[in-house]
$ cat query28.cif   # mmCIF, C-alpha atoms and all ligand atoms
data_upload
#
loop_
_atom_site.label_atom_id
_atom_site.label_comp_id
_atom_site.auth_asym_id
_atom_site.auth_seq_id
_atom_site.Cartn_x
_atom_site.Cartn_y
_atom_site.Cartn_z
CA MET Y 1 37.49 -2.84 -346.60
CA SER Y 2 40.07 -5.04 -344.96
CA SER Y 3 38.53 -6.72 -341.90
CA LYS Y 4 40.18 -10.12 -341.99
CA ASN Y 5 38.60 -13.53 -341.59
CA ASP Y 6 40.35 -16.57 -340.20
CA PHE Y 7 40.49 -19.26 -342.87
CA SER Y 8 43.71 -20.81 -341.57
CA GLY Y 9 43.76 -24.59 -342.00
CA LYS Y 10 41.06 -24.42 -344.68
CA VAL Y 11 41.25 -25.24 -348.37
CA ALA Y 12 39.16 -23.20 -350.82
CA LEU Y 13 38.33 -24.19 -354.39
CA VAL Y 14 37.57 -21.19 -356.60
CA THR Y 15 36.32 -21.66 -360.18
CA GLY Y 16 36.89 -18.86 -362.65
CA GLY Y 17 39.88 -17.97 -360.47
CA GLY Y 18 41.96 -16.88 -363.45
CA SER Y 19 40.42 -13.44 -363.94
CA GLY Y 20 38.25 -10.66 -362.59
CA ILE Y 21 36.08 -11.41 -359.57
CA GLY Y 22 37.44 -14.97 -359.16
CA ARG Y 23 41.01 -13.66 -359.02
CA ALA Y 24 40.07 -11.11 -356.36
CA VAL Y 25 38.31 -13.86 -354.39
CA CYS Y 26 41.50 -15.99 -354.47
CA GLN Y 27 43.53 -13.01 -353.27
CA VAL Y 28 41.19 -12.18 -350.38
CA LEU Y 29 40.91 -15.83 -349.26
CA ALA Y 30 44.69 -16.29 -349.39
CA ARG Y 31 45.15 -13.01 -347.49
CA ASP Y 32 42.87 -14.41 -344.78
CA GLY Y 33 44.80 -17.67 -344.43
CA ALA Y 34 43.09 -20.16 -346.79
CA ARG Y 35 45.03 -22.38 -349.15
CA VAL Y 36 43.45 -21.89 -352.55
CA SER Y 37 42.94 -24.20 -355.53
CA VAL Y 38 42.67 -21.69 -358.38
CA CYS Y 39 40.63 -23.41 -361.11
CA ASP Y 40 39.92 -22.01 -364.54
CA ILE Y 41 39.49 -23.20 -368.12
CA ASN Y 42 42.29 -20.70 -368.82
CA LEU Y 43 45.34 -22.23 -367.11
CA LYS Y 44 47.53 -19.21 -367.91
CA GLY Y 45 45.07 -16.93 -366.10
CA ALA Y 46 44.94 -19.32 -363.13
CA GLU Y 47 48.75 -19.37 -362.97
CA GLU Y 48 48.87 -15.57 -363.08
CA THR Y 49 46.47 -15.49 -360.15
CA LEU Y 50 48.62 -18.02 -358.31
CA GLY Y 51 51.65 -15.79 -358.82
CA SER Y 52 49.77 -12.86 -357.29
CA LEU Y 53 48.96 -14.70 -354.04
CA LYS Y 54 50.85 -14.42 -350.80
CA ASN Y 55 53.13 -17.50 -350.56
CA PRO Y 56 52.24 -18.99 -353.99
CA SER Y 57 53.62 -22.40 -353.03
CA ASP Y 58 50.78 -22.79 -350.49
CA HIS Y 59 48.29 -22.74 -353.37
CA ILE Y 60 47.76 -24.51 -356.71
CA ALA Y 61 46.50 -23.56 -360.17
CA LEU Y 62 44.51 -26.04 -362.28
CA CYS Y 63 42.89 -26.19 -365.69
CA MET Y 64 39.22 -27.10 -365.20
CA ASP Y 65 36.26 -26.68 -367.53
CA VAL Y 66 33.35 -26.55 -365.09
CA SER Y 67 30.90 -27.76 -367.73
CA ASN Y 68 32.81 -31.04 -368.13
CA LYS Y 69 32.07 -33.59 -365.38
CA GLU Y 70 35.33 -35.51 -365.85
CA GLN Y 71 37.43 -32.36 -365.62
CA VAL Y 72 35.55 -31.30 -362.48
CA HIS Y 73 36.20 -34.65 -360.80
CA ASP Y 74 39.84 -34.67 -361.93
CA GLY Y 75 40.33 -31.12 -360.63
CA LEU Y 76 38.89 -32.05 -357.25
CA ARG Y 77 41.02 -35.19 -357.04
CA VAL Y 78 44.21 -33.28 -357.90
CA THR Y 79 43.29 -30.60 -355.34
CA GLN Y 80 42.85 -33.27 -352.65
CA GLU Y 81 46.11 -34.99 -353.57
CA LYS Y 82 48.23 -31.84 -353.76
CA MET Y 83 46.68 -30.05 -350.78
CA LYS Y 84 46.35 -33.26 -348.75
CA ALA Y 85 42.90 -32.04 -347.71
CA THR Y 86 39.38 -31.65 -349.06
CA PRO Y 87 38.13 -28.18 -349.92
CA THR Y 88 35.49 -27.07 -347.43
CA LEU Y 89 35.13 -23.61 -348.97
CA LEU Y 90 33.79 -23.43 -352.53
CA VAL Y 91 33.24 -20.41 -354.74
CA ASN Y 92 31.49 -21.00 -358.07
CA CYS Y 93 32.61 -17.95 -360.02
CA ALA Y 94 33.32 -19.32 -363.52
CA GLY Y 95 30.97 -17.72 -365.98
CA LEU Y 96 30.54 -16.13 -369.35
CA GLY Y 97 28.05 -14.34 -371.55
CA ARG Y 98 27.45 -14.69 -375.29
CA PRO Y 99 25.11 -11.82 -376.13
CA ALA Y 100 22.53 -12.17 -378.92
CA PRO Y 101 18.93 -11.02 -379.44
CA PHE Y 102 16.71 -13.86 -378.29
CA LEU Y 103 14.93 -14.13 -381.68
CA GLU Y 104 18.33 -14.83 -383.26
CA MET Y 105 19.73 -16.94 -380.41
CA THR Y 106 20.99 -20.30 -381.64
CA GLU Y 107 20.52 -23.39 -379.51
CA GLU Y 108 24.32 -23.78 -379.35
CA ARG Y 109 24.75 -20.21 -378.02
CA PHE Y 110 21.96 -20.72 -375.50
CA MET Y 111 23.30 -24.03 -374.20
CA HIS Y 112 26.94 -22.89 -374.02
CA VAL Y 113 26.09 -20.25 -371.43
CA ILE Y 114 23.67 -22.51 -369.52
CA ASN Y 115 26.26 -25.31 -369.47
CA VAL Y 116 28.99 -23.14 -367.97
CA ASN Y 117 27.02 -20.85 -365.67
CA LEU Y 118 24.32 -23.21 -364.40
CA LYS Y 119 25.37 -26.80 -365.10
CA GLY Y 120 28.94 -25.94 -364.08
CA THR Y 121 27.72 -24.62 -360.74
CA PHE Y 122 25.78 -27.88 -360.25
CA LEU Y 123 28.67 -30.19 -361.23
CA VAL Y 124 31.26 -28.50 -359.03
CA SER Y 125 28.89 -28.05 -356.08
CA GLN Y 126 27.81 -31.70 -356.15
CA ALA Y 127 31.38 -33.02 -356.41
CA VAL Y 128 32.77 -30.80 -353.63
CA CYS Y 129 29.81 -31.18 -351.25
CA LYS Y 130 29.85 -34.99 -351.66
CA ALA Y 131 33.58 -34.96 -350.88
CA MET Y 132 32.98 -32.92 -347.71
CA LEU Y 133 30.26 -35.36 -346.60
CA ASP Y 134 32.28 -38.49 -347.48
CA ARG Y 135 35.15 -37.23 -345.33
CA ASN Y 136 33.00 -36.03 -342.45
CA GLU Y 137 34.10 -32.46 -343.05
CA ALA Y 138 30.75 -30.90 -343.88
CA LYS Y 139 30.41 -29.02 -340.59
CA GLY Y 140 31.65 -25.51 -341.26
CA GLY Y 141 31.59 -26.07 -345.02
CA ALA Y 142 30.41 -23.15 -347.14
CA VAL Y 143 29.53 -22.55 -350.78
CA VAL Y 144 29.12 -19.17 -352.46
CA ASN Y 145 27.71 -19.02 -355.98
CA ILE Y 146 28.22 -15.94 -358.12
CA ALA Y 147 24.89 -15.17 -359.78
CA SER Y 148 24.07 -11.69 -361.15
CA VAL Y 149 21.50 -8.99 -360.58
CA THR Y 150 20.37 -9.83 -364.13
CA GLY Y 151 18.99 -13.07 -362.69
CA LYS Y 152 16.39 -10.84 -361.02
CA THR Y 153 15.95 -8.10 -363.63
CA GLY Y 154 16.62 -9.88 -366.93
CA LEU Y 155 19.00 -8.39 -369.51
CA ALA Y 156 18.10 -7.58 -373.09
CA ASN Y 157 20.22 -9.46 -375.63
CA ASN Y 158 21.44 -11.78 -372.88
CA SER Y 159 18.35 -13.90 -372.22
CA GLN Y 160 20.29 -17.13 -371.69
CA TYR Y 161 22.80 -15.38 -369.39
CA ALA Y 162 20.05 -13.85 -367.24
CA ALA Y 163 18.18 -17.18 -367.19
CA SER Y 164 21.34 -19.02 -366.12
CA LYS Y 165 21.82 -16.57 -363.24
CA GLY Y 166 18.17 -16.79 -362.17
CA GLY Y 167 18.75 -20.54 -362.22
CA VAL Y 168 21.83 -20.19 -360.02
CA MET Y 169 19.76 -18.25 -357.48
CA ALA Y 170 17.02 -20.92 -357.32
CA PHE Y 171 19.68 -23.65 -357.27
CA THR Y 172 21.40 -21.91 -354.35
CA LYS Y 173 18.22 -21.80 -352.29
CA SER Y 174 17.40 -25.46 -353.07
CA CYS Y 175 20.87 -26.67 -352.08
CA ALA Y 176 20.78 -24.48 -348.97
CA LYS Y 177 17.56 -26.19 -347.84
CA GLU Y 178 18.86 -29.69 -348.57
CA LEU Y 179 22.27 -29.21 -346.97
CA ALA Y 180 21.45 -27.02 -343.96
CA LYS Y 181 21.42 -29.92 -341.51
CA THR Y 182 24.76 -31.24 -342.78
CA GLY Y 183 26.57 -28.07 -341.70
CA ILE Y 184 27.24 -26.82 -345.24
CA LYS Y 185 25.78 -23.36 -345.85
CA VAL Y 186 25.05 -22.24 -349.39
CA ASN Y 187 24.52 -18.60 -350.41
CA CYS Y 188 24.91 -16.51 -353.52
CA ILE Y 189 25.86 -13.01 -354.59
CA MET Y 190 24.19 -10.96 -357.31
CA PRO Y 191 26.82 -8.52 -358.55
CA GLY Y 192 25.88 -5.49 -360.59
CA PRO Y 193 28.38 -4.16 -363.14
CA ILE Y 194 31.89 -4.92 -361.90
CA ARG Y 195 35.06 -3.69 -363.60
CA THR Y 196 36.45 -6.93 -365.08
CA PRO Y 197 37.33 -8.16 -368.60
CA MET Y 198 33.71 -9.37 -368.89
CA LEU Y 199 32.58 -5.72 -369.05
CA ALA Y 200 35.09 -4.60 -371.66
CA PHE Y 201 32.26 -3.06 -373.71
CA PRO Y 202 32.32 -0.18 -376.20
CA GLN Y 203 32.17 3.23 -374.49
CA GLU Y 204 28.51 3.92 -375.42
CA ILE Y 205 27.39 0.74 -373.65
CA VAL Y 206 29.56 1.60 -370.64
CA ASP Y 207 27.98 5.07 -370.53
CA GLU Y 208 24.48 3.54 -370.70
CA PHE Y 209 25.32 1.20 -367.80
CA LEU Y 210 26.75 4.04 -365.74
CA SER Y 211 23.71 6.25 -366.37
CA ARG Y 212 21.61 3.63 -364.55
CA ASN Y 213 23.98 3.39 -361.60
CA PRO Y 214 23.31 5.71 -358.64
CA LEU Y 215 26.99 5.68 -357.68
CA GLY Y 216 27.98 6.39 -361.28
CA ARG Y 217 30.79 3.85 -361.31
CA PHE Y 218 31.44 0.16 -361.81
CA GLY Y 219 32.17 -1.92 -358.74
CA GLU Y 220 35.65 -3.29 -358.14
CA PRO Y 221 36.22 -7.08 -358.05
CA GLU Y 222 37.52 -6.71 -354.46
CA GLU Y 223 34.17 -5.28 -353.38
CA VAL Y 224 32.51 -8.56 -354.40
CA ALA Y 225 35.36 -10.66 -353.02
CA GLU Y 226 34.99 -9.19 -349.52
CA MET Y 227 31.31 -10.24 -349.51
CA VAL Y 228 32.29 -13.72 -350.69
CA ALA Y 229 34.74 -13.98 -347.80
CA PHE Y 230 32.06 -12.85 -345.35
CA LEU Y 231 29.62 -15.48 -346.66
CA LEU Y 232 32.30 -18.17 -346.32
CA SER Y 233 33.19 -17.11 -342.80
CA GLU Y 234 31.62 -17.95 -339.45
CA LYS Y 235 30.39 -14.34 -339.26
CA SER Y 236 27.57 -15.25 -341.65
CA ASN Y 237 26.34 -18.45 -339.97
CA TYR Y 238 22.71 -17.25 -339.99
CA PHE Y 239 22.84 -16.58 -343.75
CA LEU Y 240 21.34 -19.46 -345.72
CA GLY Y 241 20.07 -19.39 -349.30
CA SER Y 242 20.64 -15.64 -349.31
CA CYS Y 243 21.10 -13.78 -352.59
CA ILE Y 244 23.06 -10.66 -351.70
CA GLU Y 245 23.13 -7.71 -354.10
CA VAL Y 246 26.52 -6.02 -354.57
CA THR Y 247 25.44 -3.52 -357.18
CA GLY Y 248 26.08 0.07 -356.10
CA GLY Y 249 22.31 0.38 -356.39
CA HIS Y 250 22.29 -0.63 -360.06
CA ASP Y 251 18.85 -1.98 -361.10
CA MET Y 252 17.80 -2.30 -357.44
N1 LIG Y 301 31.69 -8.35 -364.21
C1 LIG Y 301 30.42 -8.17 -363.97
O1 LIG Y 301 29.89 -7.07 -364.17
C2 LIG Y 301 29.56 -9.28 -363.43
C3 LIG Y 301 28.28 -8.96 -363.01
C4 LIG Y 301 27.46 -9.97 -362.50
C5 LIG Y 301 27.95 -11.27 -362.42
N2 LIG Y 301 29.20 -11.55 -362.86
C6 LIG Y 301 29.64 -12.94 -362.75
O2 LIG Y 301 30.84 -12.99 -362.05
C7 LIG Y 301 31.58 -14.15 -362.46
C8 LIG Y 301 32.99 -13.74 -362.78
O3 LIG Y 301 32.95 -12.87 -363.91
P1 LIG Y 301 34.06 -11.75 -364.18
O4 LIG Y 301 33.36 -10.48 -364.35
O5 LIG Y 301 35.14 -11.87 -363.18
O6 LIG Y 301 34.53 -12.21 -365.65
P2 LIG Y 301 35.94 -12.66 -366.20
O7 LIG Y 301 35.69 -12.91 -367.63
O8 LIG Y 301 36.99 -11.71 -365.79
O9 LIG Y 301 36.19 -14.04 -365.43
C9 LIG Y 301 35.48 -15.20 -365.72
C10 LIG Y 301 36.42 -16.38 -365.61
O10 LIG Y 301 35.66 -17.59 -365.83
C11 LIG Y 301 36.47 -18.44 -366.61
N3 LIG Y 301 35.66 -19.43 -367.32
C12 LIG Y 301 34.84 -19.23 -368.38
N4 LIG Y 301 34.31 -20.40 -368.77
C13 LIG Y 301 34.80 -21.35 -367.94
C14 LIG Y 301 34.63 -22.75 -367.83
N5 LIG Y 301 33.87 -23.44 -368.71
N6 LIG Y 301 35.26 -23.41 -366.84
C15 LIG Y 301 36.06 -22.75 -365.97
N7 LIG Y 301 36.28 -21.43 -366.03
C16 LIG Y 301 35.65 -20.74 -367.01
C17 LIG Y 301 37.20 -17.52 -367.58
O11 LIG Y 301 38.33 -18.14 -368.17
C18 LIG Y 301 37.53 -16.35 -366.68
O12 LIG Y 301 38.79 -16.52 -366.07
C19 LIG Y 301 30.82 -14.74 -363.65
O13 LIG Y 301 30.03 -15.82 -363.20
C20 LIG Y 301 29.94 -13.60 -364.09
O14 LIG Y 301 28.77 -14.05 -364.73
C21 LIG Y 301 30.02 -10.58 -363.36
#
$ encode --input "query28.cif" --output "structure tokens" --more "lines below"
Ligand SMILES: NC(=O)c1ccc[n+]([C@@H]2O[C@H](COP(=O)([O-])OP(=O)(O)OC[C@H]3O[C@@H](n4cnc5c(N)ncnc54)[C@H](O)[C@@H]3O)[C@@H](O)[C@H]2O)c1
Amino acid sequence: MSSKNDFSGKVALVTGGGSGIGRAVCQVLARDGARVSVCDINLKGAEETLGSLKNPSDHIALCMDVSNKEQVHDGLRVTQEKMKATPTLLVNCAGLGRPAPFLEMTEERFMHVINVNLKGTFLVSQAVCKAMLDRNEAKGGAVVNIASVTGKTGLANNSQYAASKGGVMAFTKSCAKELAKTGIKVNCIMPGPIRTPMLAFPQEIVDEFLSRNPLGRFGEPEEVAEMVAFLLSEKSNYFLGSCIEVTGGHDM
């Protein structure tokens, strides 16, 4: 896939941009002309992504913990100052899992995943969308949230992860309804198993995953990133509150 979009003149803020799907999203958006603020709690990862982009000096890398409101607001402010523009494209990709059987799940383990995957999506979305509205730049604005097919199917030993992703899907649809008239469209993607560090599982778990996948392979981060770019582009202007599966048929 390589059909290009025209994001020239636009600034994109990508959380979780320091690895996996978020890194591929940064690369595809930069390829298609956006200037990218690569945000991640792991600054080294964000800087590595920056170094992989076409014309790195057009882009910036920032340390941002999406579950921390102050860091989110600081990251947005620094993006605006350094880019001399407000991001009108937002991709909420930061996420993590902390597997445990639900009967043994501690409150701390439960809330850690909810705070990053769900609250983080809320904090960053609210800050960036308010900034677009304050600066009269909402028209043409677009948000893509990275949920997971587990938000639909559930996932044993990952109850809080699956719940956070189901929450992201409902949050996406709610924001899409509230913001439609402002010109900001909000959609989400439900990836299936994608070959990133998050899926660095022991071979028997990998084999079990693959046995449930009609294509018999993990997806590549770029295959999700191209869908993100489509949902950010004008080509998808009749998509609103959509939750698009990019799964290779896994758990369909
Ligand atoms: N890989 C998959 O199979 C898969 C499937 C469905 C959904 N997803 C979702 O895709 C997104 C990206 O995952 P990935 O597979 O690329 O994993 P990854 O581990 O390669 O990347 C996740 C990134 O998020 C960052 N991050 C974690 N906590 C953060 C925080 N508090 N603030 C900011 N950044 C933080 C990490 O540092 C990392 O760079 C996640 O939301 C994940 O839940 C992945």
$ residues_around --input "query28.cif" --residues "range 213-227 of chain Y" --least-positions-apart "3" --cutoff "10 Å" --atoms "all atoms listed in the file" --output "PyMOL selection string"
chain Y and resi 1-5+19-29+144+146+188-196+199+206-210+230-233+244-252
$ closest_residue --input "query28.cif" --among "Y:Ser52, Y:Gln80, Y:Thr88, Y:Ser148" --to "ligand LIG 301 (chain Y)" --atoms "all atoms listed in the file"
Y:Ser148
$ atom_distance --input "query28.cif" --atom1 "CA of Ala94 in chain Y" --atom2 "CA of Ala12 in chain Y"
14.5 Å
$ closest_residue --input "query28.cif" --among "Y:Asn136, Y:Phe171, Y:Glu104, Y:Phe110" --to "Phe122 in chain Y" --atoms "only C-alpha atoms"
Y:Phe171
$ atom_distance --input "query28.cif" --atom1 "CA of Ala162 in chain Y" --atom2 "CA of Lys185 in chain Y"
24.1 Å
$ residues_around --input "query28.cif" --residues "Asp65 in chain Y" --least-positions-apart "4" --cutoff "10 Å" --atoms "only C-alpha atoms" --output "compact mmCIF listing (two decimals) with C-alpha atoms, in the frame of the given file"
# COMPACT_ATOMS: atom_id res chain seq x y z
CA THR Y 15 36.32 -21.66 -360.18
CA GLY Y 16 36.89 -18.86 -362.65
CA CYS Y 39 40.63 -23.41 -361.11
CA ASP Y 40 39.92 -22.01 -364.54
CA ILE Y 41 39.49 -23.20 -368.12
CA ASN Y 42 42.29 -20.70 -368.82
CA LYS Y 69 32.07 -33.59 -365.38
CA GLU Y 70 35.33 -35.51 -365.85
CA GLN Y 71 37.43 -32.36 -365.62
CA VAL Y 72 35.55 -31.30 -362.48
CA GLY Y 75 40.33 -31.12 -360.63
CA ALA Y 94 33.32 -19.32 -363.52
CA VAL Y 116 28.99 -23.14 -367.97
CA GLY Y 120 28.94 -25.94 -364.08
$ residues_around --input "query28.cif" --residues "Gly33 in chain Y" --least-positions-apart "4" --cutoff "8 Å" --atoms "only C-alpha atoms" --output "list in words"
Asn5, Asp6, Phe7, Ser8, Gly9, Lys10 and Leu29 of chain Y
$ write_last_selection --input "query28.cif" --atoms "C-alpha atoms" --output "mmCIF file, keeping the file's coordinate frame"
data_model
loop_
_atom_site.group_PDB
_atom_site.id
_atom_site.type_symbol
_atom_site.label_atom_id
_atom_site.label_comp_id
_atom_site.auth_asym_id
_atom_site.auth_seq_id
_atom_site.Cartn_x
_atom_site.Cartn_y
_atom_site.Cartn_z
ATOM 1 C CA ASN Y 5 38.600 -13.530 -341.590
ATOM 2 C CA ASP Y 6 40.350 -16.570 -340.200
ATOM 3 C CA PHE Y 7 40.490 -19.260 -342.870
ATOM 4 C CA SER Y 8 43.710 -20.810 -341.570
ATOM 5 C CA GLY Y 9 43.760 -24.590 -342.000
ATOM 6 C CA LYS Y 10 41.060 -24.420 -344.680
ATOM 7 C CA LEU Y 29 40.910 -15.830 -349.260
#
$ residues_around --input "query28.cif" --residues "Leu90 in chain Y" --least-positions-apart "3" --cutoff "7 Å" --atoms "all atoms listed in the file" --output "JSON list (two decimals) with C-alpha atoms, keeping the file's coordinate frame"
[["chain", "number", "residue", "atom", "x", "y", "z"],
["Y", 12, "ALA", "CA", 39.16, -23.20, -350.82],
["Y", 13, "LEU", "CA", 38.33, -24.19, -354.39],
["Y", 14, "VAL", "CA", 37.57, -21.19, -356.60],
["Y", 87, "PRO", "CA", 38.13, -28.18, -349.92],
["Y", 142, "ALA", "CA", 30.41, -23.15, -347.14],
["Y", 143, "VAL", "CA", 29.53, -22.55, -350.78],
["Y", 144, "VAL", "CA", 29.12, -19.17, -352.46]]
$ atom_distance --input "query28.cif" --atom1 "CA of Gly141 in chain Y" --atom2 "CA of Cys243 in chain Y"
17.8 Å
$ closest_residue --input "query28.cif" --among "Y:Cys93, Y:Leu62, Y:Ala200, Y:Val128" --to "ligand LIG 301 (chain Y)" --atoms "only C-alpha atoms and all ligand atoms"
Y:Cys93
$ residues_around --input "query28.cif" --residues "Thr172 in chain Y" --least-positions-apart "6" --cutoff "7 Å" --atoms "all atoms listed in the file" --output "PyMOL selection string"
chain Y and resi 186-188+241
$ closest_residue --input "query28.cif" --among "Y:Thr79, Y:Ser159, Y:Gln126, Y:Ser164" --to "ligand LIG 301 (chain Y)" --atoms "only C-alpha atoms and all ligand atoms"
Y:Ser164
$ closest_residue --input "query28.cif" --among "Y:Arg31, Y:Lys82, Y:Lys54, Y:Lys152" --to "ligand LIG 301 (chain Y)" --atoms "only C-alpha atoms and all ligand atoms"
Y:Lys152
$ axis_aligned_box --input "query28.cif" --around "ligand LIG 301 (chain Y)" --padding-each-side "8 Å" --output "JSON"
{"center_x": 33.1, "center_y": -15.3, "center_z": -365.4, "size_x": 27.3, "size_y": 32.4, "size_z": 22.7}
$ build_atoms --input "query28.cif" --residues "range 142-160 of chain Y" --atoms "N, CA and C atoms" --output "compact mmCIF listing (two decimals), keeping the file's coordinate frame"
# COMPACT_ATOMS: atom_id res chain seq x y z
N ALA Y 142 31.17 -24.29 -346.60
CA ALA Y 142 30.41 -23.15 -347.14
C ALA Y 142 30.61 -23.05 -348.64
N VAL Y 143 29.51 -22.73 -349.32
CA VAL Y 143 29.53 -22.55 -350.78
C VAL Y 143 28.98 -21.16 -351.08
N VAL Y 144 29.66 -20.44 -351.95
CA VAL Y 144 29.12 -19.17 -352.46
C VAL Y 144 29.08 -19.24 -353.98
N ASN Y 145 27.89 -19.04 -354.53
CA ASN Y 145 27.71 -19.02 -355.98
C ASN Y 145 27.63 -17.57 -356.46
N ILE Y 146 28.29 -17.29 -357.57
CA ILE Y 146 28.22 -15.94 -358.12
C ILE Y 146 27.12 -15.93 -359.19
N ALA Y 147 25.99 -15.33 -358.83
CA ALA Y 147 24.89 -15.17 -359.78
C ALA Y 147 25.07 -13.82 -360.46
N SER Y 148 24.01 -13.04 -360.55
CA SER Y 148 24.07 -11.69 -361.15
C SER Y 148 22.74 -11.02 -360.88
N VAL Y 149 22.77 -9.70 -360.76
CA VAL Y 149 21.50 -8.99 -360.58
C VAL Y 149 20.59 -9.20 -361.79
N THR Y 150 21.20 -9.57 -362.93
CA THR Y 150 20.37 -9.83 -364.13
C THR Y 150 19.49 -11.07 -363.94
N GLY Y 151 19.85 -11.92 -362.99
CA GLY Y 151 18.99 -13.07 -362.69
C GLY Y 151 17.67 -12.65 -362.09
N LYS Y 152 17.63 -11.41 -361.57
CA LYS Y 152 16.39 -10.84 -361.02
C LYS Y 152 15.72 -9.93 -362.04
N THR Y 153 16.52 -9.16 -362.77
CA THR Y 153 15.95 -8.10 -363.63
C THR Y 153 15.79 -8.52 -365.08
N GLY Y 154 16.52 -9.58 -365.51
CA GLY Y 154 16.62 -9.88 -366.93
C GLY Y 154 17.60 -8.92 -367.59
N LEU Y 155 18.08 -9.27 -368.79
CA LEU Y 155 19.00 -8.39 -369.51
C LEU Y 155 18.78 -8.58 -371.00
N ALA Y 156 18.36 -7.50 -371.65
CA ALA Y 156 18.10 -7.58 -373.09
C ALA Y 156 19.34 -8.07 -373.82
N ASN Y 157 19.15 -8.88 -374.80
CA ASN Y 157 20.22 -9.46 -375.63
C ASN Y 157 21.10 -10.44 -374.87
N ASN Y 158 20.68 -10.81 -373.69
CA ASN Y 158 21.44 -11.78 -372.88
C ASN Y 158 20.45 -12.70 -372.15
N SER Y 159 19.43 -13.15 -372.88
CA SER Y 159 18.35 -13.90 -372.22
C SER Y 159 18.88 -15.18 -371.57
N GLN Y 160 19.81 -15.85 -372.26
CA GLN Y 160 20.29 -17.13 -371.69
C GLN Y 160 21.20 -16.85 -370.49
